[in-house]
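Enquirer: Handing over protein03.txt, compact mmCIF, C-alpha atoms.
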```txt
# COMPACT_ATOMS: atom_id res chain seq x y z
CA MET L 1 -26.99 14.82 38.82
CA GLY L 2 -25.05 15.65 42.00
CA LYS L 3 -21.55 17.12 41.92
CA GLN L 4 -19.79 13.94 43.09
CA GLN L 5 -21.84 11.84 40.71
CA LEU L 6 -20.83 14.17 37.87
CA ILE L 7 -17.15 13.91 38.85
CA ASP L 8 -17.36 10.11 38.87
CA HIS L 9 -19.14 10.29 35.54
CA LEU L 10 -16.41 12.44 33.96
CA GLN L 11 -13.59 10.33 35.36
CA GLU L 12 -15.20 7.19 33.99
CA ALA L 13 -15.54 8.86 30.60
CA SER L 14 -11.81 9.70 30.64
CA SER L 15 -10.72 6.10 31.15
CA GLU L 16 -9.88 5.62 27.46
CA GLY L 17 -7.65 8.65 27.17
CA ARG L 18 -7.63 12.45 27.24
CA LEU L 19 -11.20 13.68 27.62
CA THR L 20 -11.91 16.10 24.81
CA ILE L 21 -15.34 17.54 24.11
CA TYR L 22 -15.64 15.23 21.11
CA MET L 23 -14.65 12.13 23.06
CA TYR L 24 -17.02 12.99 25.90
CA GLN L 25 -19.91 13.52 23.50
CA LYS L 26 -19.37 10.08 21.97
CA TRP L 27 -19.17 8.50 25.42
CA GLN L 28 -22.24 10.36 26.70
CA LYS L 29 -24.41 9.18 23.80
CA ILE L 30 -23.76 5.60 24.87
CA HIS L 31 -23.74 5.94 28.66
CA GLY L 32 -26.03 8.91 29.21
CA GLY L 33 -25.56 11.75 31.67
CA ALA L 34 -25.13 15.49 31.26
CA THR L 35 -24.66 16.66 27.69
CA VAL L 36 -21.73 18.79 26.54
CA VAL L 37 -24.02 21.81 26.19
CA GLU L 38 -25.38 21.36 29.72
CA LEU L 39 -21.85 21.14 31.15
CA LEU L 40 -20.67 24.21 29.26
CA GLU L 41 -23.73 26.22 30.30
CA THR L 42 -23.19 25.23 33.94
CA TYR L 43 -19.40 25.61 34.21
CA GLY L 44 -18.61 28.14 31.50
CA SER L 45 -15.83 26.27 29.69
CA TRP L 46 -14.53 22.77 29.07
CA SER L 47 -11.40 23.60 31.06
CA ASN L 48 -13.59 24.29 34.08
CA VAL L 49 -15.36 20.96 33.57
CA LEU L 50 -12.03 19.11 33.52
CA ARG L 51 -10.83 21.07 36.54
CA LEU L 52 -13.95 20.02 38.45
CA ALA L 53 -13.14 16.36 37.82
CA GLY L 54 -9.43 16.78 38.57
CA LEU L 55 -8.54 16.20 34.95
CA GLU L 56 -7.01 19.58 34.12
CA GLN L 57 -3.50 18.11 34.18
CA GLN L 58 -4.56 15.12 32.15
CA THR L 59 -1.68 14.16 29.88
CA PRO L 60 -1.23 11.26 27.48
CA ARG L 61 -0.02 8.05 29.11
CA PHE L 62 2.45 7.58 26.27
CA THR L 63 4.66 9.96 24.36
CA LYS L 64 4.37 10.28 20.61
CA LYS L 65 7.66 8.41 20.20
CA GLU L 66 6.42 5.55 22.37
CA MET L 67 3.19 5.31 20.39
CA ILE L 68 5.08 5.10 17.11
CA GLN L 69 7.26 2.31 18.48
CA MET L 70 4.22 0.35 19.65
CA LEU L 71 2.45 0.79 16.33
CA ARG L 72 5.48 -0.71 14.61
CA GLU L 73 5.62 -3.60 17.08
CA ALA L 74 1.93 -4.34 16.56
CA ALA L 75 2.30 -4.19 12.77
CA LYS L 76 5.09 -6.80 12.87
CA GLU L 77 2.71 -9.31 14.44
CA HIS L 78 0.05 -9.01 11.74
CA ASP L 79 0.12 -9.96 8.06
CA SER L 80 -2.71 -7.52 7.43
CA PHE L 81 -2.78 -4.65 9.91
CA ASN L 82 -5.71 -2.30 10.43
CA SER L 83 -7.19 -0.28 13.28
CA ALA L 84 -9.29 -3.23 14.50
CA ASP L 85 -6.17 -5.41 14.67
CA TYR L 86 -4.34 -2.74 16.64
CA ARG L 87 -7.26 -2.25 19.02
CA LYS L 88 -7.25 -5.96 19.92
CA TRP L 89 -3.46 -6.00 20.20
CA ALA L 90 -3.46 -2.99 22.54
CA MET L 91 -5.91 -4.73 24.87
CA THR L 92 -3.45 -7.55 25.53
CA ASN L 93 -0.34 -5.38 25.67
CA ASP L 94 0.60 -2.40 27.79
CA ALA L 95 -0.03 -0.08 24.86
CA PRO L 96 -1.99 3.07 24.01
CA THR L 97 -5.63 2.47 23.18
CA LEU L 98 -6.83 3.17 19.66
CA THR L 99 -8.56 6.26 21.05
CA GLU L 100 -5.29 7.57 22.49
CA VAL L 101 -3.52 7.00 19.17
CA VAL L 102 -6.20 8.89 17.23
CA ILE L 103 -6.18 11.76 19.75
CA GLN L 104 -2.39 12.04 19.50
CA PHE L 105 -2.14 11.92 15.70
CA GLY L 106 -5.55 13.18 14.60
CA SER L 107 -6.46 10.03 12.67
CA TRP L 108 -5.44 6.40 12.22
CA LYS L 109 -4.12 7.14 8.75
CA VAL L 110 -1.82 9.91 10.00
CA ALA L 111 -0.58 7.61 12.77
CA LEU L 112 0.46 5.01 10.18
CA ILE L 113 2.20 7.66 8.09
CA GLU L 114 4.10 8.98 11.13
CA ALA L 115 5.16 5.41 11.96
CA ASN L 116 6.37 4.84 8.37
CA LEU L 117 3.70 2.22 7.81
CA LYS L 118 2.31 3.77 4.61
CA SER L 119 2.44 0.45 2.76
CA ILE L 120 -0.25 -0.78 5.15
CA ILE L 121 -2.45 2.14 4.14
CA SER L 122 -1.96 1.18 0.51
CA LEU L 123 -2.89 -2.43 1.25
CA ASP L 124 -5.94 -1.40 3.26
CA GLN L 125 -7.11 0.87 0.46
CA LYS L 126 -6.60 -1.82 -2.16
CA CYS L 127 -8.54 -4.34 -0.07
CA GLU L 128 -11.35 -1.82 0.36
CA ILE L 129 -11.50 -1.17 -3.39
CA ILE L 130 -11.46 -4.88 -4.24
CA GLN L 131 -14.29 -5.58 -1.80
CA SER L 132 -16.29 -2.68 -3.23
CA LEU L 133 -15.86 -3.98 -6.77
CA LEU L 134 -16.95 -7.46 -5.70
CA ASP L 135 -20.00 -6.04 -3.93
CA ALA L 136 -20.89 -3.86 -6.91
CA ASN L 137 -20.56 -6.82 -9.24
CA GLU L 138 -23.26 -8.59 -7.23
CA GLU L 139 -25.69 -5.73 -7.82
CA ILE L 140 -24.76 -4.26 -11.21
CA HIS L 141 -24.95 -6.07 -14.55
CA PRO L 142 -22.96 -5.29 -16.54
CA LEU L 143 -20.43 -3.65 -14.23
CA THR L 144 -19.35 -0.62 -16.24
CA SER L 145 -17.28 2.28 -14.94
CA THR L 146 -20.25 4.64 -15.27
CA ALA L 147 -22.56 2.30 -13.37
CA TYR L 148 -19.94 1.76 -10.67
CA ALA L 149 -19.35 5.51 -10.25
CA LYS L 150 -23.05 6.02 -9.55
CA TRP L 151 -23.23 3.00 -7.22
CA ALA L 152 -20.11 4.08 -5.30
CA LYS L 153 -21.52 7.54 -4.69
CA GLN L 154 -24.83 6.14 -3.44
CA ASN L 155 -23.13 3.61 -1.15
CA GLN L 156 -20.20 5.77 0.01
CA ARG L 157 -17.58 3.45 -1.47
CA PRO L 158 -14.22 4.24 -3.12
CA SER L 159 -14.78 6.45 -6.16
CA ILE L 160 -14.04 5.46 -9.74
CA THR L 161 -11.11 7.90 -9.58
CA LYS L 162 -9.58 5.96 -6.69
CA VAL L 163 -10.10 2.67 -8.52
CA VAL L 164 -8.32 3.92 -11.63
CA ARG L 165 -5.55 5.58 -9.62
CA ARG L 166 -4.91 2.35 -7.70
CA PHE L 167 -5.05 -0.10 -10.64
CA GLY L 168 -4.08 2.07 -13.60
CA SER L 169 -7.37 1.69 -15.46
CA TRP L 170 -10.90 0.39 -15.02
CA SER L 171 -10.26 -2.66 -17.20
CA GLN L 172 -7.07 -3.51 -15.31
CA ALA L 173 -8.96 -3.39 -12.02
CA LEU L 174 -11.55 -5.85 -13.30
CA ASP L 175 -8.90 -8.07 -14.88
CA GLU L 176 -6.89 -8.29 -11.65
CA ILE L 177 -9.97 -9.31 -9.69
CA GLY L 178 -11.22 -11.65 -12.39
CA ILE L 179 -14.45 -9.84 -13.20
CA SER L 180 -15.50 -9.93 -16.84
CA THR L 181 -17.99 -7.43 -18.21
CA ARG L 182 -18.21 -9.22 -21.54
CA GLU L 183 -20.55 -12.09 -22.22
CA LEU L 184 -18.65 -15.36 -22.45
CA PHE L 185 -19.48 -17.51 -25.47
CA THR L 186 -19.05 -21.25 -25.79
CA GLU L 187 -17.24 -22.96 -28.64
CA LYS L 188 -20.58 -24.04 -30.14
CA GLN L 189 -21.96 -20.50 -29.98
CA MET L 190 -18.91 -19.28 -31.85
CA MET L 191 -19.35 -21.99 -34.48
CA ASP L 192 -23.01 -21.02 -34.87
CA ALA L 193 -22.13 -17.33 -35.23
CA LEU L 194 -19.50 -18.08 -37.88
CA HIS L 195 -21.95 -20.31 -39.75
CA GLU L 196 -24.60 -17.59 -39.64
CA ALA L 197 -22.12 -14.98 -40.86
CA ASP L 198 -20.93 -17.30 -43.62
CA GLU L 199 -24.48 -17.53 -44.95
CA HIS L 200 -24.90 -13.75 -45.04
CA LEU L 201 -21.49 -12.63 -46.30
CA THR L 202 -20.08 -12.99 -49.79
CA ALA L 203 -16.66 -13.75 -48.33
CA LEU L 204 -16.10 -14.64 -44.68
CA SER L 205 -13.06 -12.57 -43.73
CA PRO L 206 -11.98 -11.18 -40.33
CA TRP L 207 -12.93 -7.66 -41.41
CA GLY L 208 -16.25 -8.79 -42.89
CA TYR L 209 -17.14 -10.77 -39.77
CA GLU L 210 -16.27 -7.84 -37.51
CA VAL L 211 -18.57 -5.49 -39.43
CA TRP L 212 -21.35 -8.10 -39.46
CA GLN L 213 -20.99 -8.80 -35.72
CA LYS L 214 -21.25 -5.12 -34.83
CA GLU L 215 -24.43 -4.81 -36.88
CA LYS L 216 -25.99 -7.92 -35.36
CA GLY L 217 -24.82 -7.48 -31.79
CA ASN L 218 -25.00 -10.23 -29.15
CA ARG L 219 -22.54 -12.37 -31.10
CA PRO L 220 -18.95 -13.36 -30.27
CA THR L 221 -16.50 -10.64 -31.25
CA LEU L 222 -13.59 -11.21 -33.60
CA LYS L 223 -11.30 -11.08 -30.57
CA ASP L 224 -13.40 -13.73 -28.76
CA ILE L 225 -13.00 -16.09 -31.70
CA GLN L 226 -9.28 -15.44 -32.08
CA GLN L 227 -8.72 -16.06 -28.38
CA MET L 228 -10.66 -19.32 -28.50
CA PHE L 229 -9.16 -20.79 -31.69
CA GLY L 230 -5.84 -19.00 -32.03
CA SER L 231 -6.76 -17.39 -35.34
CA PHE L 232 -9.84 -16.53 -37.37
CA ASP L 233 -8.83 -18.84 -40.24
CA VAL L 234 -8.56 -21.84 -37.92
CA ALA L 235 -12.01 -21.07 -36.52
CA VAL L 236 -13.55 -20.80 -40.00
CA ARG L 237 -11.91 -24.04 -41.11
CA GLU L 238 -13.21 -25.80 -37.99
CA MET L 239 -16.70 -24.39 -38.55
CA ARG L 240 -16.83 -25.64 -42.15
CA GLN L 241 -15.52 -29.08 -41.28
CA THR L 242 -18.15 -29.37 -38.56
CA ALA L 243 -20.86 -28.20 -40.97
CA ASN L 244 -19.75 -30.74 -43.62
CA GLN L 245 -19.75 -33.56 -41.09
CA SER L 246 -23.23 -32.62 -39.92
CA GLY L 247 -24.48 -32.39 -43.50
CA GLY L 248 -23.08 -35.80 -44.37
CA ARG L 249 -25.02 -37.59 -41.65
```
Is it possible to give me this structure as structure tokens?

Expert:
Amino acid sequence: MGKQQLIDHLQEASSEGRLTIYMYQKWQKIHGGATVVELLETYGSWSNVLRLAGLEQQTPRFTKKEMIQMLREAAKEHDSFNSADYRKWAMTNDAPTLTEVVIQFGSWKVALIEANLKSIISLDQKCEIIQSLLDANEEIHPLTSTAYAKWAKQNQRPSITKVVRRFGSWSQALDEIGISTRELFTEKQMMDALHEADEHLTALSPWGYEVWQKEKGNRPTLKDIQQMFGSFDVAVREMRQTANQSGGR
């Protein structure tokens, strides 16, 4: 690559903001050309490379204060504001590119913190966690905290610690999203379970049923029955009336 061609190449690479080694490497992987190592070996330092292309005085187009103001303006125009939203907004406004913002602040998250937009970070994180739980629920049955922790690590998703910290507990997270890890039983299945327990127990009491259900497994819990009928006694009375009606036919 000739000297003038290299200069044009470097200037093109700097079009999105201050040309750091990291930014050039990302650009070069897409567009080709001399690698960072080749440039450093040829010119001795990155400063010399920038000097060659007339970029040694390269300064940000916007001050930090101006960037913060524009981040706030962009956030006002979006109900849900993330880096992709800002990137599109910046393209249609005379504003710093997303690359320039990240170079100035170090990361998108830090930029939001500096601009007092931390609530947006919280919303973004919550949305990410919710989506992860929904995705995990498609693949894991039942969706337990242990199973999710393993899945999250394998798929580089928010950890179980982040889920609990954000929602207060694992069960609260699932409740808020509407995911149930318990098997849902129909009214008839509850009647059948009560009838079965009644045949095996000397006296069908809440405590007796609970012990029997834990031994049998795969039956409605005492809580399931109470939630369905309001109380255990009402459920038992309904079961016996139904059984009597069936027996009288």

Enquirer: Have a look at CA of Ala74 (chain L) and CA of Ile103 (chain L) and let me know their distance in Å, one decimal.

Expert: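 So the answer is 18.3 Å.
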
Enquirer: Just the number, please: distance in Å from CA of Gln104 (chain L) to CA of Trp89 (chain L), one decimal.

Expert: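 A separation of 18.1 Å between them.
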
Enquirer: Which polymer residues have any atom within 9 Å of an atom of Trp108 (chain L), counting all atoms listed in the file, with same-chain residues fewer than 3 positions away left out, as a VMD selection string?

Expert: chain L and resid 82 to 83 98 101 to 102 105 111 to 113

Enquirer: Go through L:Ser159, L:Gln154, L:Gln241, L:Ser169 one by one, measure the shortest atom-to-atom distance of each to Met191 (chain L) using all atoms listed in the file, and give the residue with the smallest value.

Expert: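 The shortest atom-to-atom distance to Met191 (chain L) comes from L:Gln241.
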
Enquirer: Work out how far apart CA of Glu199 (chain L) and CA of Asn244 (chain L) are and give it in Å to one decimal.

Expert: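 Calculated distance between CA of Glu199 (chain L) and CA of Asn244 (chain L) is 14.1 Å.
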
Enquirer: Missing atoms in region 1-34 of chain L need filling: write out N, CA and C atoms for it as a PDB file, in the frame of the given file.

Expert:
```pdb
ATOM      1  N   MET L   1     -28.192  15.579  38.477  1.00  0.00           N
ATOM      2  CA  MET L   1     -26.990  14.820  38.820  1.00  0.00           C
ATOM      3  C   MET L   1     -26.161  15.610  39.822  1.00  0.00           C
ATOM      4  N   GLY L   2     -25.829  14.979  40.977  1.00  0.00           N
ATOM      5  CA  GLY L   2     -25.050  15.650  42.000  1.00  0.00           C
ATOM      6  C   GLY L   2     -23.615  15.880  41.559  1.00  0.00           C
ATOM      7  N   LYS L   3     -22.910  16.757  42.295  1.00  0.00           N
ATOM      8  CA  LYS L   3     -21.550  17.120  41.920  1.00  0.00           C
ATOM      9  C   LYS L   3     -20.613  15.911  41.932  1.00  0.00           C
ATOM     10  N   GLN L   4     -20.680  15.094  43.014  1.00  0.00           N
ATOM     11  CA  GLN L   4     -19.790  13.940  43.090  1.00  0.00           C
ATOM     12  C   GLN L   4     -20.127  12.908  42.015  1.00  0.00           C
ATOM     13  N   GLN L   5     -21.420  12.775  41.760  1.00  0.00           N
ATOM     14  CA  GLN L   5     -21.840  11.840  40.710  1.00  0.00           C
ATOM     15  C   GLN L   5     -21.313  12.299  39.351  1.00  0.00           C
ATOM     16  N   LEU L   6     -21.338  13.623  39.125  1.00  0.00           N
ATOM     17  CA  LEU L   6     -20.830  14.170  37.870  1.00  0.00           C
ATOM     18  C   LEU L   6     -19.324  13.943  37.749  1.00  0.00           C
ATOM     19  N   ILE L   7     -18.602  14.129  38.857  1.00  0.00           N
ATOM     20  CA  ILE L   7     -17.150  13.910  38.850  1.00  0.00           C
ATOM     21  C   ILE L   7     -16.834  12.457  38.508  1.00  0.00           C
ATOM     22  N   ASP L   8     -17.559  11.535  39.154  1.00  0.00           N
ATOM     23  CA  ASP L   8     -17.360  10.110  38.870  1.00  0.00           C
ATOM     24  C   ASP L   8     -17.655   9.812  37.400  1.00  0.00           C
ATOM     25  N   HIS L   9     -18.693  10.456  36.926  1.00  0.00           N
ATOM     26  CA  HIS L   9     -19.140  10.290  35.540  1.00  0.00           C
ATOM     27  C   HIS L   9     -18.036  10.735  34.572  1.00  0.00           C
ATOM     28  N   LEU L  10     -17.456  11.898  34.821  1.00  0.00           N
ATOM     29  CA  LEU L  10     -16.410  12.440  33.960  1.00  0.00           C
ATOM     30  C   LEU L  10     -15.137  11.594  34.028  1.00  0.00           C
ATOM     31  N   GLN L  11     -14.796  11.142  35.206  1.00  0.00           N
ATOM     32  CA  GLN L  11     -13.590  10.330  35.360  1.00  0.00           C
ATOM     33  C   GLN L  11     -13.742   8.982  34.652  1.00  0.00           C
ATOM     34  N   GLU L  12     -14.943   8.449  34.705  1.00  0.00           N
ATOM     35  CA  GLU L  12     -15.200   7.190  33.990  1.00  0.00           C
ATOM     36  C   GLU L  12     -15.086   7.415  32.486  1.00  0.00           C
ATOM     37  N   ALA L  13     -15.591   8.547  32.025  1.00  0.00           N
ATOM     38  CA  ALA L  13     -15.540   8.860  30.600  1.00  0.00           C
ATOM     39  C   ALA L  13     -14.105   9.056  30.116  1.00  0.00           C
ATOM     40  N   SER L  14     -13.203   9.435  31.018  1.00  0.00           N
ATOM     41  CA  SER L  14     -11.810   9.700  30.640  1.00  0.00           C
ATOM     42  C   SER L  14     -10.936   8.461  30.671  1.00  0.00           C
ATOM     43  N   SER L  15     -11.527   7.311  30.965  1.00  0.00           N
ATOM     44  CA  SER L  15     -10.720   6.100  31.150  1.00  0.00           C
ATOM     45  C   SER L  15     -10.004   5.644  29.893  1.00  0.00           C
ATOM     46  N   GLU L  16     -10.503   6.054  28.715  1.00  0.00           N
ATOM     47  CA  GLU L  16      -9.880   5.620  27.460  1.00  0.00           C
ATOM     48  C   GLU L  16      -8.856   6.611  26.925  1.00  0.00           C
ATOM     49  N   GLY L  17      -8.629   7.681  27.646  1.00  0.00           N
ATOM     50  CA  GLY L  17      -7.650   8.650  27.170  1.00  0.00           C
ATOM     51  C   GLY L  17      -8.077  10.071  27.509  1.00  0.00           C
ATOM     52  N   ARG L  18      -7.360  11.046  26.952  1.00  0.00           N
ATOM     53  CA  ARG L  18      -7.630  12.450  27.240  1.00  0.00           C
ATOM     54  C   ARG L  18      -9.072  12.802  26.866  1.00  0.00           C
ATOM     55  N   LEU L  19      -9.765  13.424  27.805  1.00  0.00           N
ATOM     56  CA  LEU L  19     -11.200  13.680  27.620  1.00  0.00           C
ATOM     57  C   LEU L  19     -11.429  15.002  26.909  1.00  0.00           C
ATOM     58  N   THR L  20     -11.565  14.920  25.595  1.00  0.00           N
ATOM     59  CA  THR L  20     -11.910  16.100  24.810  1.00  0.00           C
ATOM     60  C   THR L  20     -13.429  16.218  24.740  1.00  0.00           C
ATOM     61  N   ILE L  21     -13.897  17.355  24.269  1.00  0.00           N
ATOM     62  CA  ILE L  21     -15.340  17.540  24.110  1.00  0.00           C
ATOM     63  C   ILE L  21     -15.903  16.473  23.178  1.00  0.00           C
ATOM     64  N   TYR L  22     -15.186  16.220  22.087  1.00  0.00           N
ATOM     65  CA  TYR L  22     -15.640  15.230  21.110  1.00  0.00           C
ATOM     66  C   TYR L  22     -15.723  13.838  21.724  1.00  0.00           C
ATOM     67  N   MET L  23     -14.673  13.455  22.465  1.00  0.00           N
ATOM     68  CA  MET L  23     -14.650  12.130  23.060  1.00  0.00           C
ATOM     69  C   MET L  23     -15.745  11.983  24.121  1.00  0.00           C
ATOM     70  N   TYR L  24     -15.969  13.061  24.883  1.00  0.00           N
ATOM     71  CA  TYR L  24     -17.020  12.990  25.900  1.00  0.00           C
ATOM     72  C   TYR L  24     -18.395  12.852  25.250  1.00  0.00           C
ATOM     73  N   GLN L  25     -18.613  13.583  24.176  1.00  0.00           N
ATOM     74  CA  GLN L  25     -19.910  13.520  23.500  1.00  0.00           C
ATOM     75  C   GLN L  25     -20.205  12.108  23.014  1.00  0.00           C
ATOM     76  N   LYS L  26     -19.192  11.453  22.430  1.00  0.00           N
ATOM     77  CA  LYS L  26     -19.370  10.080  21.970  1.00  0.00           C
ATOM     78  C   LYS L  26     -19.689   9.150  23.136  1.00  0.00           C
ATOM     79  N   TRP L  27     -18.970   9.345  24.239  1.00  0.00           N
ATOM     80  CA  TRP L  27     -19.170   8.500  25.420  1.00  0.00           C
ATOM     81  C   TRP L  27     -20.553   8.741  26.021  1.00  0.00           C
ATOM     82  N   GLN L  28     -20.963   9.995  26.087  1.00  0.00           N
ATOM     83  CA  GLN L  28     -22.240  10.360  26.700  1.00  0.00           C
ATOM     84  C   GLN L  28     -23.439   9.804  25.929  1.00  0.00           C
ATOM     85  N   LYS L  29     -23.312   9.722  24.610  1.00  0.00           N
ATOM     86  CA  LYS L  29     -24.410   9.180  23.800  1.00  0.00           C
ATOM     87  C   LYS L  29     -24.671   7.717  24.119  1.00  0.00           C
ATOM     88  N   ILE L  30     -23.626   7.022  24.544  1.00  0.00           N
ATOM     89  CA  ILE L  30     -23.760   5.600  24.870  1.00  0.00           C
ATOM     90  C   ILE L  30     -24.173   5.398  26.325  1.00  0.00           C
ATOM     91  N   HIS L  31     -23.550   6.171  27.232  1.00  0.00           N
ATOM     92  CA  HIS L  31     -23.740   5.940  28.660  1.00  0.00           C
ATOM     93  C   HIS L  31     -24.714   6.905  29.335  1.00  0.00           C
ATOM     94  N   GLY L  32     -25.098   7.952  28.619  1.00  0.00           N
ATOM     95  CA  GLY L  32     -26.030   8.910  29.210  1.00  0.00           C
ATOM     96  C   GLY L  32     -25.326   9.910  30.107  1.00  0.00           C
ATOM     97  N   GLY L  33     -26.120  10.724  30.799  1.00  0.00           N
ATOM     98  CA  GLY L  33     -25.560  11.750  31.670  1.00  0.00           C
ATOM     99  C   GLY L  33     -25.685  13.127  31.070  1.00  0.00           C
ATOM    100  N   ALA L  34     -25.055  14.102  31.720  1.00  0.00           N
ATOM    101  CA  ALA L  34     -25.130  15.490  31.260  1.00  0.00           C
ATOM    102  C   ALA L  34     -24.531  15.630  29.869  1.00  0.00           C
TER     103      ALA L  34
END
```
